[in-house]
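Here is entry.cif, consisting of mmCIF, C-alpha atoms and all ligand atoms:
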```cif
data_start
#
loop_
_atom_site.label_atom_id
_atom_site.label_comp_id
_atom_site.auth_asym_id
_atom_site.auth_seq_id
_atom_site.Cartn_x
_atom_site.Cartn_y
_atom_site.Cartn_z
CA MET H 1 0.00 0.00 0.00
CA LYS H 2 1.26 3.45 -0.91
CA PHE H 3 1.10 6.42 1.46
CA PHE H 4 -0.08 9.89 0.56
CA ILE H 5 -0.02 12.67 3.13
CA ASP H 6 -3.34 14.41 3.71
CA THR H 7 -2.40 18.03 4.41
CA ALA H 8 -1.70 21.38 2.78
CA ASN H 9 0.93 22.28 5.36
CA VAL H 10 4.27 22.41 3.56
CA GLU H 11 6.30 21.95 6.74
CA GLU H 12 4.45 18.72 7.53
CA ILE H 13 4.91 17.57 3.92
CA ARG H 14 8.62 18.37 4.01
CA GLU H 15 9.08 16.56 7.33
CA ALA H 16 7.13 13.45 6.28
CA HIS H 17 8.83 13.38 2.88
CA GLN H 18 12.20 13.02 4.62
CA LEU H 19 10.96 9.74 6.11
CA GLY H 20 10.98 8.29 2.59
CA ILE H 21 7.43 6.98 2.84
CA ILE H 22 5.41 9.61 0.98
CA ASP H 23 4.23 8.77 -2.55
CA GLY H 24 1.82 11.67 -3.01
CA VAL H 25 -0.23 14.44 -1.38
CA THR H 26 -3.94 15.12 -1.05
CA THR H 27 -5.38 18.52 -0.24
CA ASN H 28 -8.93 19.80 -0.01
CA PRO H 29 -10.47 23.29 0.32
CA SER H 30 -10.67 22.98 4.14
CA LEU H 31 -6.99 21.98 4.42
CA ILE H 32 -5.92 24.84 2.13
CA ALA H 33 -8.10 27.34 4.05
CA LYS H 34 -6.44 26.25 7.31
CA GLU H 35 -3.08 27.43 5.95
CA GLY H 36 -4.37 30.95 5.19
CA ARG H 37 -2.27 31.09 2.03
CA ASP H 38 -2.94 31.43 -1.68
CA PHE H 39 -4.19 28.10 -3.12
CA ILE H 40 -2.01 28.11 -6.26
CA GLU H 41 1.06 29.21 -4.31
CA VAL H 42 0.64 26.29 -1.85
CA VAL H 43 0.11 23.72 -4.60
CA LYS H 44 3.16 24.99 -6.49
CA GLU H 45 5.30 24.72 -3.38
CA ILE H 46 4.10 21.15 -2.74
CA THR H 47 5.20 20.16 -6.27
CA THR H 48 8.75 21.20 -5.36
CA ILE H 49 8.79 18.83 -2.37
CA VAL H 50 7.03 15.65 -3.49
CA GLU H 51 7.59 13.86 -6.79
CA GLY H 52 4.24 12.10 -7.04
CA PRO H 53 0.52 12.71 -7.49
CA ILE H 54 -0.71 15.89 -5.80
CA SER H 55 -4.48 16.28 -5.54
CA ALA H 56 -5.88 19.81 -5.89
CA GLU H 57 -9.64 20.17 -5.58
CA VAL H 58 -11.98 22.20 -7.79
CA ILE H 59 -14.35 24.70 -6.18
CA SER H 60 -16.98 24.90 -8.94
CA SER H 61 -20.11 22.79 -8.69
CA ASP H 62 -21.04 22.80 -12.38
CA THR H 63 -19.34 20.70 -15.06
CA GLU H 64 -18.19 23.67 -17.13
CA GLY H 65 -16.56 25.36 -14.16
CA MET H 66 -14.89 22.14 -12.99
CA VAL H 67 -13.48 21.42 -16.44
CA LYS H 68 -12.14 24.99 -16.69
CA GLU H 69 -10.49 24.72 -13.25
CA ALA H 70 -9.09 21.28 -14.07
CA ARG H 71 -7.44 22.56 -17.24
CA GLU H 72 -5.94 25.53 -15.36
CA LEU H 73 -4.72 23.51 -12.37
CA THR H 74 -3.00 20.88 -14.51
CA LYS H 75 -0.89 23.64 -16.05
CA ILE H 76 0.84 24.07 -12.67
CA HIS H 77 2.73 20.76 -12.84
CA LYS H 78 2.55 17.36 -14.55
CA ASN H 79 1.86 15.65 -11.19
CA ILE H 80 -1.34 17.56 -10.41
CA VAL H 81 -4.40 15.35 -9.99
CA ILE H 82 -7.78 17.08 -10.12
CA LYS H 83 -10.00 16.32 -7.18
CA ILE H 84 -13.64 16.39 -8.23
CA PRO H 85 -16.65 15.83 -5.95
CA MET H 86 -18.87 12.79 -6.48
CA THR H 87 -21.89 14.43 -8.12
CA ALA H 88 -23.56 14.07 -11.52
CA GLU H 89 -21.85 17.30 -12.62
CA GLY H 90 -18.57 15.96 -11.25
CA LEU H 91 -18.88 12.70 -13.20
CA LYS H 92 -19.52 14.64 -16.40
CA ALA H 93 -16.37 16.67 -15.73
CA VAL H 94 -14.36 13.47 -15.06
CA ASN H 95 -15.64 12.01 -18.33
CA ILE H 96 -14.48 15.10 -20.26
CA VAL H 97 -11.10 15.74 -18.66
CA SER H 98 -10.03 12.10 -18.38
CA LYS H 99 -10.27 11.88 -22.18
CA GLU H 100 -7.82 14.80 -22.34
CA GLY H 101 -5.34 12.81 -20.26
CA ILE H 102 -6.02 14.75 -17.06
CA LYS H 103 -5.81 12.60 -13.92
CA THR H 104 -8.72 12.81 -11.51
CA ASN H 105 -9.48 11.86 -7.93
CA VAL H 106 -13.22 11.56 -7.26
CA THR H 107 -13.74 12.66 -3.69
CA LEU H 108 -16.49 12.50 -1.08
CA VAL H 109 -17.27 8.87 -1.94
CA PHE H 110 -19.50 7.23 0.65
CA SER H 111 -20.90 4.18 -1.18
CA ALA H 112 -19.50 1.41 -3.36
CA THR H 113 -21.89 2.27 -6.19
CA GLN H 114 -20.55 5.83 -6.21
CA ALA H 115 -17.02 4.40 -6.49
CA LEU H 116 -18.07 2.12 -9.35
CA LEU H 117 -19.66 5.03 -11.24
CA ALA H 118 -16.59 7.22 -10.72
CA ALA H 119 -14.35 4.46 -12.06
CA ARG H 120 -16.56 3.94 -15.10
CA ALA H 121 -16.52 7.70 -15.79
CA GLY H 122 -12.72 7.50 -16.04
CA ALA H 123 -11.45 8.46 -12.58
CA THR H 124 -7.79 7.71 -11.91
CA TYR H 125 -8.49 7.53 -8.18
CA VAL H 126 -11.54 7.31 -5.92
CA SER H 127 -11.48 8.59 -2.36
CA PRO H 128 -13.88 6.83 0.02
CA PHE H 129 -14.02 8.67 3.38
CA VAL H 130 -13.81 6.15 6.24
CA GLY H 131 -13.60 8.53 9.20
CA ARG H 132 -16.69 10.51 8.30
CA LEU H 133 -18.67 7.25 8.00
CA ASP H 134 -17.39 6.05 11.38
CA ASP H 135 -18.48 9.44 12.76
CA ILE H 136 -22.09 8.59 11.92
CA SER H 137 -21.91 5.02 13.30
CA THR H 138 -21.44 3.39 9.89
CA GLU H 139 -18.41 1.15 9.39
CA GLY H 140 -16.12 2.99 7.01
CA MET H 141 -13.88 -0.01 6.46
CA TYR H 142 -16.78 -2.13 5.25
CA LEU H 143 -17.08 0.34 2.36
CA ILE H 144 -13.40 -0.20 1.52
CA SER H 145 -13.87 -3.98 1.48
CA GLU H 146 -16.80 -3.60 -0.93
CA ILE H 147 -14.91 -1.31 -3.31
CA VAL H 148 -11.81 -3.55 -3.26
CA GLN H 149 -13.97 -6.56 -4.11
CA ILE H 150 -15.88 -4.80 -6.92
CA PHE H 151 -12.74 -3.37 -8.50
CA GLN H 152 -11.14 -6.83 -8.38
CA ASN H 153 -14.25 -8.47 -9.92
CA TYR H 154 -14.01 -6.26 -12.99
CA GLU H 155 -10.24 -5.66 -13.06
CA ILE H 156 -10.88 -1.91 -12.71
CA GLU H 157 -7.64 0.05 -12.76
CA THR H 158 -8.93 3.04 -10.79
CA GLU H 159 -6.93 3.20 -7.56
CA ILE H 160 -8.59 3.35 -4.16
CA ILE H 161 -7.35 6.10 -1.86
CA VAL H 162 -8.61 5.46 1.66
CA ALA H 163 -9.36 8.98 2.90
CA SER H 164 -10.62 10.63 6.07
CA ILE H 165 -8.20 8.52 8.10
CA ARG H 166 -8.26 9.35 11.79
CA ASN H 167 -5.95 6.79 13.44
CA PRO H 168 -3.38 4.03 12.82
CA MET H 169 -6.10 1.33 13.00
CA HIS H 170 -7.66 2.84 9.86
CA VAL H 171 -4.29 2.46 8.12
CA LEU H 172 -3.87 -1.13 9.33
CA GLU H 173 -7.35 -2.13 8.17
CA ALA H 174 -6.88 -0.40 4.81
CA ALA H 175 -3.65 -2.34 4.25
CA LYS H 176 -5.24 -5.66 5.30
CA LEU H 177 -8.06 -5.09 2.82
CA GLY H 178 -5.60 -4.42 0.00
CA ALA H 179 -6.45 -0.77 -0.67
CA ASP H 180 -4.00 0.84 -3.11
CA ILE H 181 -3.30 3.99 -1.10
CA ALA H 182 -3.97 5.48 2.33
CA THR H 183 -3.90 9.26 2.58
CA VAL H 184 -2.79 9.92 6.12
CA PRO H 185 -2.66 13.11 8.23
CA TYR H 186 0.78 14.02 9.60
CA LYS H 187 -0.35 13.33 13.18
CA VAL H 188 -1.34 9.75 12.30
CA ILE H 189 1.99 9.13 10.52
CA MET H 190 3.74 10.15 13.75
CA GLN H 191 1.44 7.90 15.80
CA MET H 192 2.32 4.99 13.50
CA ILE H 193 6.05 5.49 14.11
CA LYS H 194 5.78 5.36 17.88
CA HIS H 195 5.66 2.22 20.01
CA PRO H 196 6.19 2.29 23.80
CA LEU H 197 8.32 -0.89 23.67
CA THR H 198 10.63 0.77 21.12
CA ASP H 199 11.12 3.71 23.53
CA ILE H 200 11.66 1.39 26.51
CA GLY H 201 14.08 -0.70 24.41
CA ILE H 202 16.18 2.34 23.44
CA GLU H 203 16.22 3.54 27.06
CA ARG H 204 17.38 0.11 28.29
CA PHE H 205 20.09 -0.22 25.61
CA MET H 206 21.44 3.24 26.49
CA LYS H 207 21.36 2.53 30.22
CA ASP H 208 23.21 -0.80 29.78
CA TRP H 209 25.74 0.86 27.50
CA GLU H 210 26.45 3.66 29.96
CA GLU H 211 26.74 1.23 32.90
CA ALA H 212 29.17 -0.98 30.97
CA ASN H 213 31.30 2.02 30.06
CA LEU H 214 31.45 3.08 33.73
CA LYS H 215 33.11 -0.19 34.78
C1 LIG X 1 -8.69 13.56 1.45
O1 LIG X 1 -8.69 13.33 0.28
C2 LIG X 1 -9.88 14.04 2.17
O2 LIG X 1 -10.25 15.30 1.73
C3 LIG X 1 -9.63 14.01 3.65
O3 LIG X 1 -9.04 12.77 3.98
C4 LIG X 1 -10.88 14.27 4.48
O4 LIG X 1 -10.56 14.05 5.83
P1 LIG X 1 -11.54 14.50 7.03
O5 LIG X 1 -12.79 13.71 6.93
O6 LIG X 1 -10.75 14.21 8.26
O7 LIG X 1 -11.78 15.97 6.81
#
```
Can you present the structure in this file as C-alpha cells?
Amino acid sequence: MKFFIDTANVEEIREAHQLGIIDGVTTNPSLIAKEGRDFIEVVKEITTIVEGPISAEVISSDTEGMVKEARELTKIHKNIVIKIPMTAEGLKAVNIVSKEGIKTNVTLVFSATQALLAARAGATYVSPFVGRLDDISTEGMYLISEIVQIFQNYEIETEIIVASIRNPMHVLEAAKLGADIATVPYKVIMQMIKHPLTDIGIERFMKDWEEANLK
C-alpha cells in the first residue's frame, strides 16, 4: 500500500517526505483554508517537495466550471491530480477531462456504487471517506472492502485512496483489505512510528551501555 499525506501544510509535507514513505499528497479546500495562504502558491510549493501525485480540488459545482479549473490547475505541474466531488456534474467533468489525459481523484465517496460510477466515468483515483462514515456510526472499512472486491471483480484500474483517516487502526485495516493507497494526516503518521516498547528498548540499551562504560 502506498502512502499519501493528507495536508496542505508544507512543513508537515517536508518533514514526512524526509521519512521516505510519501508517494503523493492530497489537499482539499478545508486543508488549504487552514493554511491561510494562496491556493495556487501552496500547490506549487508542494510540487517542489514531493515527486508524485498531488491532488488539488476544484471549487466549482457545475461541469463547465470544474473542467475549466481542471485545465488551469494541470498547467501548474505534470503531477497535479484534479479532485472532483462525487456528483452528476462531477462525473460529467471526469468524463471530459479524463479523455484529455487529465488525472482525476473523485472525492467524497460514501458508497460502493458511487465508487463504481466514478471508475466507469474515467477516474484515476476514488477517495472513500472512512472517518466521516465512522463518525455517523457506519463502518467505514466495510465500504473499503466492498470497493476492493468490486474493482477486483471487474479488473478496474482506478486506484482506491482510503481517505478521512483518523488513526493508525484505519491504516492497518486499509492495508489488510488491499487498498491501493492510504492518505494519512501528519499526526497519524507520527502515531504509526511510535511504540512504547521501542522507547523502553532504546532507554534500556542506552542505560546498559552507559553502565558498561562506567566499569
Ligand atoms: C482527502 O482526500 C480528504 O479530503 C480528507 O481525507 C478528508 O478528511 P476529514 O474527513 O478528516 O476531513
Expected answer as a short mmCIF file (atom, residue, chain, number, x, y, z; two decimals) with C-alpha atoms, in the coordinates of the input: residues within 6 Å of ligand LIG 1 (chain X), only C-alpha atoms and all ligand atoms:
```cif
data_model
loop_
_atom_site.label_atom_id
_atom_site.label_comp_id
_atom_site.auth_asym_id
_atom_site.auth_seq_id
_atom_site.Cartn_x
_atom_site.Cartn_y
_atom_site.Cartn_z
CA ASP H 6 -3.34 14.41 3.71
CA THR H 26 -3.94 15.12 -1.05
CA ASN H 28 -8.93 19.80 -0.01
CA GLY H 131 -13.60 8.53 9.20
CA ARG H 132 -16.69 10.51 8.30
CA ALA H 163 -9.36 8.98 2.90
CA SER H 164 -10.62 10.63 6.07
CA ILE H 165 -8.20 8.52 8.10
#
```
Interatomic distance, CA of Ser145 in chain H to CA of Ala93 in chain H (Å, one decimal):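 One can read the CA of Ser145 in chain H to CA of Ala93 in chain H distance as 27.0 Å.
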Please indicate the distance in Å from CA of Ser55 in chain H to CA of Val94 in chain H, rounded to one decimal place. 14.0 Å
Per residue of range 77-180 of chain H within 10 Å of range 187-201 of chain H, what are the shortest atom pair and its distance in Å to one decimal, counting only C-alpha atoms, with rows by chain and residue number, as JSON lines?
```
{"residue": "H:Ile165", "atom": "CA", "partner": "H:Val188", "partner_atom": "CA", "distance": 8.1}
{"residue": "H:Arg166", "atom": "CA", "partner": "H:Val188", "partner_atom": "CA", "distance": 7.0}
{"residue": "H:Asn167", "atom": "CA", "partner": "H:Val188", "partner_atom": "CA", "distance": 5.6}
{"residue": "H:Pro168", "atom": "CA", "partner": "H:Met192", "partner_atom": "CA", "distance": 5.8}
{"residue": "H:Met169", "atom": "CA", "partner": "H:Met192", "partner_atom": "CA", "distance": 9.2}
{"residue": "H:His170", "atom": "CA", "partner": "H:Val188", "partner_atom": "CA", "distance": 9.7}
{"residue": "H:Val171", "atom": "CA", "partner": "H:Met192", "partner_atom": "CA", "distance": 8.9}
{"residue": "H:Leu172", "atom": "CA", "partner": "H:Met192", "partner_atom": "CA", "distance": 9.7}
```
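Considering all atoms listed in the file, the residue among H:Thr124, H:Asn213, H:Asn153, H:Gln18 positioned nearest to Asp180 in chain H is H:Thr124.
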Tell me which of H:Asp135, H:Gly52, H:Val10, H:Tyr154 sits closest to Ile32 in chain H, counting all atoms listed in the file.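 Ranked by minimum distance to Ile32 in chain H, first place goes to H:Val10.
For Ile5 in chain H, the list of residues within 6 Å, based on all atoms listed in the file and with local chain neighbours fewer than 6 positions off taken out, reads Val25, Thr183, Val184 and Pro185 of chain H.
Distances from H:Ala121, H:Ala115, H:Ala8, H:Met206 to Ile144 in chain H were compared using all atoms listed in the file, and the smallest one belongs to H:Ala115.
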Of the residues H:Arg71, H:Arg14, H:His77, H:Lys176, which is the one nearest to Lys44 in chain H, using all atoms listed in the file?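 Counting all atoms listed in the file, the residue closest to Lys44 in chain H is H:His77.
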Close residues, Leu177 in chain H itself excluded, 12 Å, all atoms listed in the file, min 4 positions apart in chain, as a ChimeraX atom specification: /H:1,141-149,152,160,162,170-173,181-182
Pick from H:Leu117, H:Leu108, H:Lys99, H:Tyr186: nearest to Glu12 in chain H, with only C-alpha atoms counted? H:Tyr186
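For the atom pair formed by CA of Asn9 in chain H and CA of Ser61 in chain H, the distance is 25.3 Å, given to one decimal.
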Counting only C-alpha atoms, the residue of H:Ile136, H:Pro53, H:Glu89, H:Glu211 that sits nearest Thr104 in chain H: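 Checking each of H:Ile136, H:Pro53, H:Glu89, H:Glu211 against Thr104 in chain H, counting only C-alpha atoms, the winner is H:Pro53.
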Quick one: what's the axis-aligned box for range 130-136 of chain H, all listed atoms, 5 Å on every side, centre and edges in Å to one decimal, as AutoDock Vina command-line options?
```
--center_x -17.8 --center_y 8.3 --center_z 9.5 --size_x 18.5 --size_y 14.5 --size_z 16.5
```
Taking 6 positions as the minimum chain separation for residues in the same chain, which residues sit within 12 Å of Asp62 in chain H when counting all atoms listed in the file? Answer as a PyMOL selection string. chain H and resi 68-69+84-94
If I put a ball of radius 9 Å at (6.9, 10.0, -0.3) in the file's coordinates, which residues poke into it when counting only C-alpha atoms, written as a CSV table (one decimal) with C-alpha atoms, in the coordinates of the input?
```csv
chain,number,residue,atom,x,y,z
H,2,LYS,CA,1.3,3.4,-0.9
H,3,PHE,CA,1.1,6.4,1.5
H,4,PHE,CA,-0.1,9.9,0.6
H,5,ILE,CA,0.0,12.7,3.1
H,13,ILE,CA,4.9,17.6,3.9
H,16,ALA,CA,7.1,13.4,6.3
H,17,HIS,CA,8.8,13.4,2.9
H,18,GLN,CA,12.2,13.0,4.6
H,19,LEU,CA,11.0,9.7,6.1
H,20,GLY,CA,11.0,8.3,2.6
H,21,ILE,CA,7.4,7.0,2.8
H,22,ILE,CA,5.4,9.6,1.0
H,23,ASP,CA,4.2,8.8,-2.6
H,24,GLY,CA,1.8,11.7,-3.0
H,25,VAL,CA,-0.2,14.4,-1.4
H,50,VAL,CA,7.0,15.6,-3.5
H,51,GLU,CA,7.6,13.9,-6.8
H,52,GLY,CA,4.2,12.1,-7.0
```
The residues within 7 Å of (-13.1, 8.1, -11.2), using all atoms listed in the file and the coordinates of the file, should be reported as a ChimeraX atom specification; which are they? /H:94,104-106,118-126,158
Some atoms are missing, so please complete range 97-117 of chain H with N, CA, C and O atoms and return it as a PDB file, keeping the file's coordinate frame.
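Dumped everything to out30.pdb:
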```pdb
ATOM      1  N   VAL H  97     -12.533  15.478 -18.837  1.00  0.00           N
ATOM      2  CA  VAL H  97     -11.100  15.740 -18.660  1.00  0.00           C
ATOM      3  C   VAL H  97     -10.244  14.476 -18.725  1.00  0.00           C
ATOM      4  O   VAL H  97      -9.094  14.521 -19.139  1.00  0.00           O
ATOM      5  N   SER H  98     -10.829  13.337 -18.328  1.00  0.00           N
ATOM      6  CA  SER H  98     -10.030  12.100 -18.380  1.00  0.00           C
ATOM      7  C   SER H  98      -9.677  11.762 -19.826  1.00  0.00           C
ATOM      8  O   SER H  98      -8.612  11.216 -20.102  1.00  0.00           O
ATOM      9  N   LYS H  99     -10.555  12.130 -20.755  1.00  0.00           N
ATOM     10  CA  LYS H  99     -10.270  11.880 -22.180  1.00  0.00           C
ATOM     11  C   LYS H  99      -9.180  12.810 -22.706  1.00  0.00           C
ATOM     12  O   LYS H  99      -8.611  12.568 -23.753  1.00  0.00           O
ATOM     13  N   GLU H 100      -8.905  13.880 -21.952  1.00  0.00           N
ATOM     14  CA  GLU H 100      -7.820  14.800 -22.340  1.00  0.00           C
ATOM     15  C   GLU H 100      -6.510  14.400 -21.661  1.00  0.00           C
ATOM     16  O   GLU H 100      -5.514  15.110 -21.741  1.00  0.00           O
ATOM     17  N   GLY H 101      -6.555  13.289 -20.925  1.00  0.00           N
ATOM     18  CA  GLY H 101      -5.340  12.810 -20.260  1.00  0.00           C
ATOM     19  C   GLY H 101      -5.125  13.418 -18.884  1.00  0.00           C
ATOM     20  O   GLY H 101      -4.075  13.246 -18.267  1.00  0.00           O
ATOM     21  N   ILE H 102      -6.139  14.149 -18.384  1.00  0.00           N
ATOM     22  CA  ILE H 102      -6.020  14.750 -17.060  1.00  0.00           C
ATOM     23  C   ILE H 102      -6.398  13.709 -16.001  1.00  0.00           C
ATOM     24  O   ILE H 102      -7.422  13.020 -16.130  1.00  0.00           O
ATOM     25  N   LYS H 103      -5.540  13.588 -14.985  1.00  0.00           N
ATOM     26  CA  LYS H 103      -5.810  12.600 -13.920  1.00  0.00           C
ATOM     27  C   LYS H 103      -6.784  13.175 -12.904  1.00  0.00           C
ATOM     28  O   LYS H 103      -6.685  14.358 -12.546  1.00  0.00           O
ATOM     29  N   THR H 104      -7.696  12.327 -12.448  1.00  0.00           N
ATOM     30  CA  THR H 104      -8.720  12.810 -11.510  1.00  0.00           C
ATOM     31  C   THR H 104      -8.803  11.917 -10.272  1.00  0.00           C
ATOM     32  O   THR H 104      -8.484  10.726 -10.319  1.00  0.00           O
ATOM     33  N   ASN H 105      -9.268  12.550  -9.202  1.00  0.00           N
ATOM     34  CA  ASN H 105      -9.480  11.860  -7.930  1.00  0.00           C
ATOM     35  C   ASN H 105     -10.911  12.220  -7.505  1.00  0.00           C
ATOM     36  O   ASN H 105     -11.173  13.370  -7.140  1.00  0.00           O
ATOM     37  N   VAL H 106     -11.824  11.265  -7.627  1.00  0.00           N
ATOM     38  CA  VAL H 106     -13.220  11.560  -7.260  1.00  0.00           C
ATOM     39  C   VAL H 106     -13.354  11.433  -5.751  1.00  0.00           C
ATOM     40  O   VAL H 106     -13.104  10.379  -5.158  1.00  0.00           O
ATOM     41  N   THR H 107     -13.742  12.546  -5.147  1.00  0.00           N
ATOM     42  CA  THR H 107     -13.740  12.660  -3.690  1.00  0.00           C
ATOM     43  C   THR H 107     -15.152  12.663  -3.115  1.00  0.00           C
ATOM     44  O   THR H 107     -16.129  12.743  -3.859  1.00  0.00           O
ATOM     45  N   LEU H 108     -15.218  12.537  -1.800  1.00  0.00           N
ATOM     46  CA  LEU H 108     -16.490  12.500  -1.080  1.00  0.00           C
ATOM     47  C   LEU H 108     -17.311  11.275  -1.512  1.00  0.00           C
ATOM     48  O   LEU H 108     -18.514  11.359  -1.768  1.00  0.00           O
ATOM     49  N   VAL H 109     -16.624  10.138  -1.583  1.00  0.00           N
ATOM     50  CA  VAL H 109     -17.270   8.870  -1.940  1.00  0.00           C
ATOM     51  C   VAL H 109     -17.689   8.168  -0.646  1.00  0.00           C
ATOM     52  O   VAL H 109     -16.865   7.948   0.251  1.00  0.00           O
ATOM     53  N   PHE H 110     -18.971   7.856  -0.565  1.00  0.00           N
ATOM     54  CA  PHE H 110     -19.500   7.230   0.650  1.00  0.00           C
ATOM     55  C   PHE H 110     -20.253   5.926   0.371  1.00  0.00           C
ATOM     56  O   PHE H 110     -20.833   5.337   1.292  1.00  0.00           O
ATOM     57  N   SER H 111     -20.282   5.489  -0.896  1.00  0.00           N
ATOM     58  CA  SER H 111     -20.900   4.180  -1.180  1.00  0.00           C
ATOM     59  C   SER H 111     -20.120   3.511  -2.302  1.00  0.00           C
ATOM     60  O   SER H 111     -19.443   4.179  -3.102  1.00  0.00           O
ATOM     61  N   ALA H 112     -20.239   2.182  -2.348  1.00  0.00           N
ATOM     62  CA  ALA H 112     -19.500   1.410  -3.360  1.00  0.00           C
ATOM     63  C   ALA H 112     -20.040   1.691  -4.759  1.00  0.00           C
ATOM     64  O   ALA H 112     -19.291   1.670  -5.733  1.00  0.00           O
ATOM     65  N   THR H 113     -21.333   1.974  -4.861  1.00  0.00           N
ATOM     66  CA  THR H 113     -21.890   2.270  -6.190  1.00  0.00           C
ATOM     67  C   THR H 113     -21.371   3.622  -6.690  1.00  0.00           C
ATOM     68  O   THR H 113     -21.129   3.790  -7.886  1.00  0.00           O
ATOM     69  N   GLN H 114     -21.164   4.565  -5.788  1.00  0.00           N
ATOM     70  CA  GLN H 114     -20.550   5.830  -6.210  1.00  0.00           C
ATOM     71  C   GLN H 114     -19.143   5.573  -6.756  1.00  0.00           C
ATOM     72  O   GLN H 114     -18.755   6.113  -7.789  1.00  0.00           O
ATOM     73  N   ALA H 115     -18.400   4.717  -6.055  1.00  0.00           N
ATOM     74  CA  ALA H 115     -17.020   4.400  -6.490  1.00  0.00           C
ATOM     75  C   ALA H 115     -17.029   3.736  -7.857  1.00  0.00           C
ATOM     76  O   ALA H 115     -16.193   4.057  -8.714  1.00  0.00           O
ATOM     77  N   LEU H 116     -17.976   2.825  -8.072  1.00  0.00           N
ATOM     78  CA  LEU H 116     -18.070   2.120  -9.350  1.00  0.00           C
ATOM     79  C   LEU H 116     -18.381   3.121 -10.481  1.00  0.00           C
ATOM     80  O   LEU H 116     -17.761   3.084 -11.550  1.00  0.00           O
ATOM     81  N   LEU H 117     -19.308   4.026 -10.231  1.00  0.00           N
ATOM     82  CA  LEU H 117     -19.660   5.030 -11.240  1.00  0.00           C
ATOM     83  C   LEU H 117     -18.454   5.925 -11.559  1.00  0.00           C
ATOM     84  O   LEU H 117     -18.178   6.218 -12.722  1.00  0.00           O
TER      85      LEU H 117
END
```
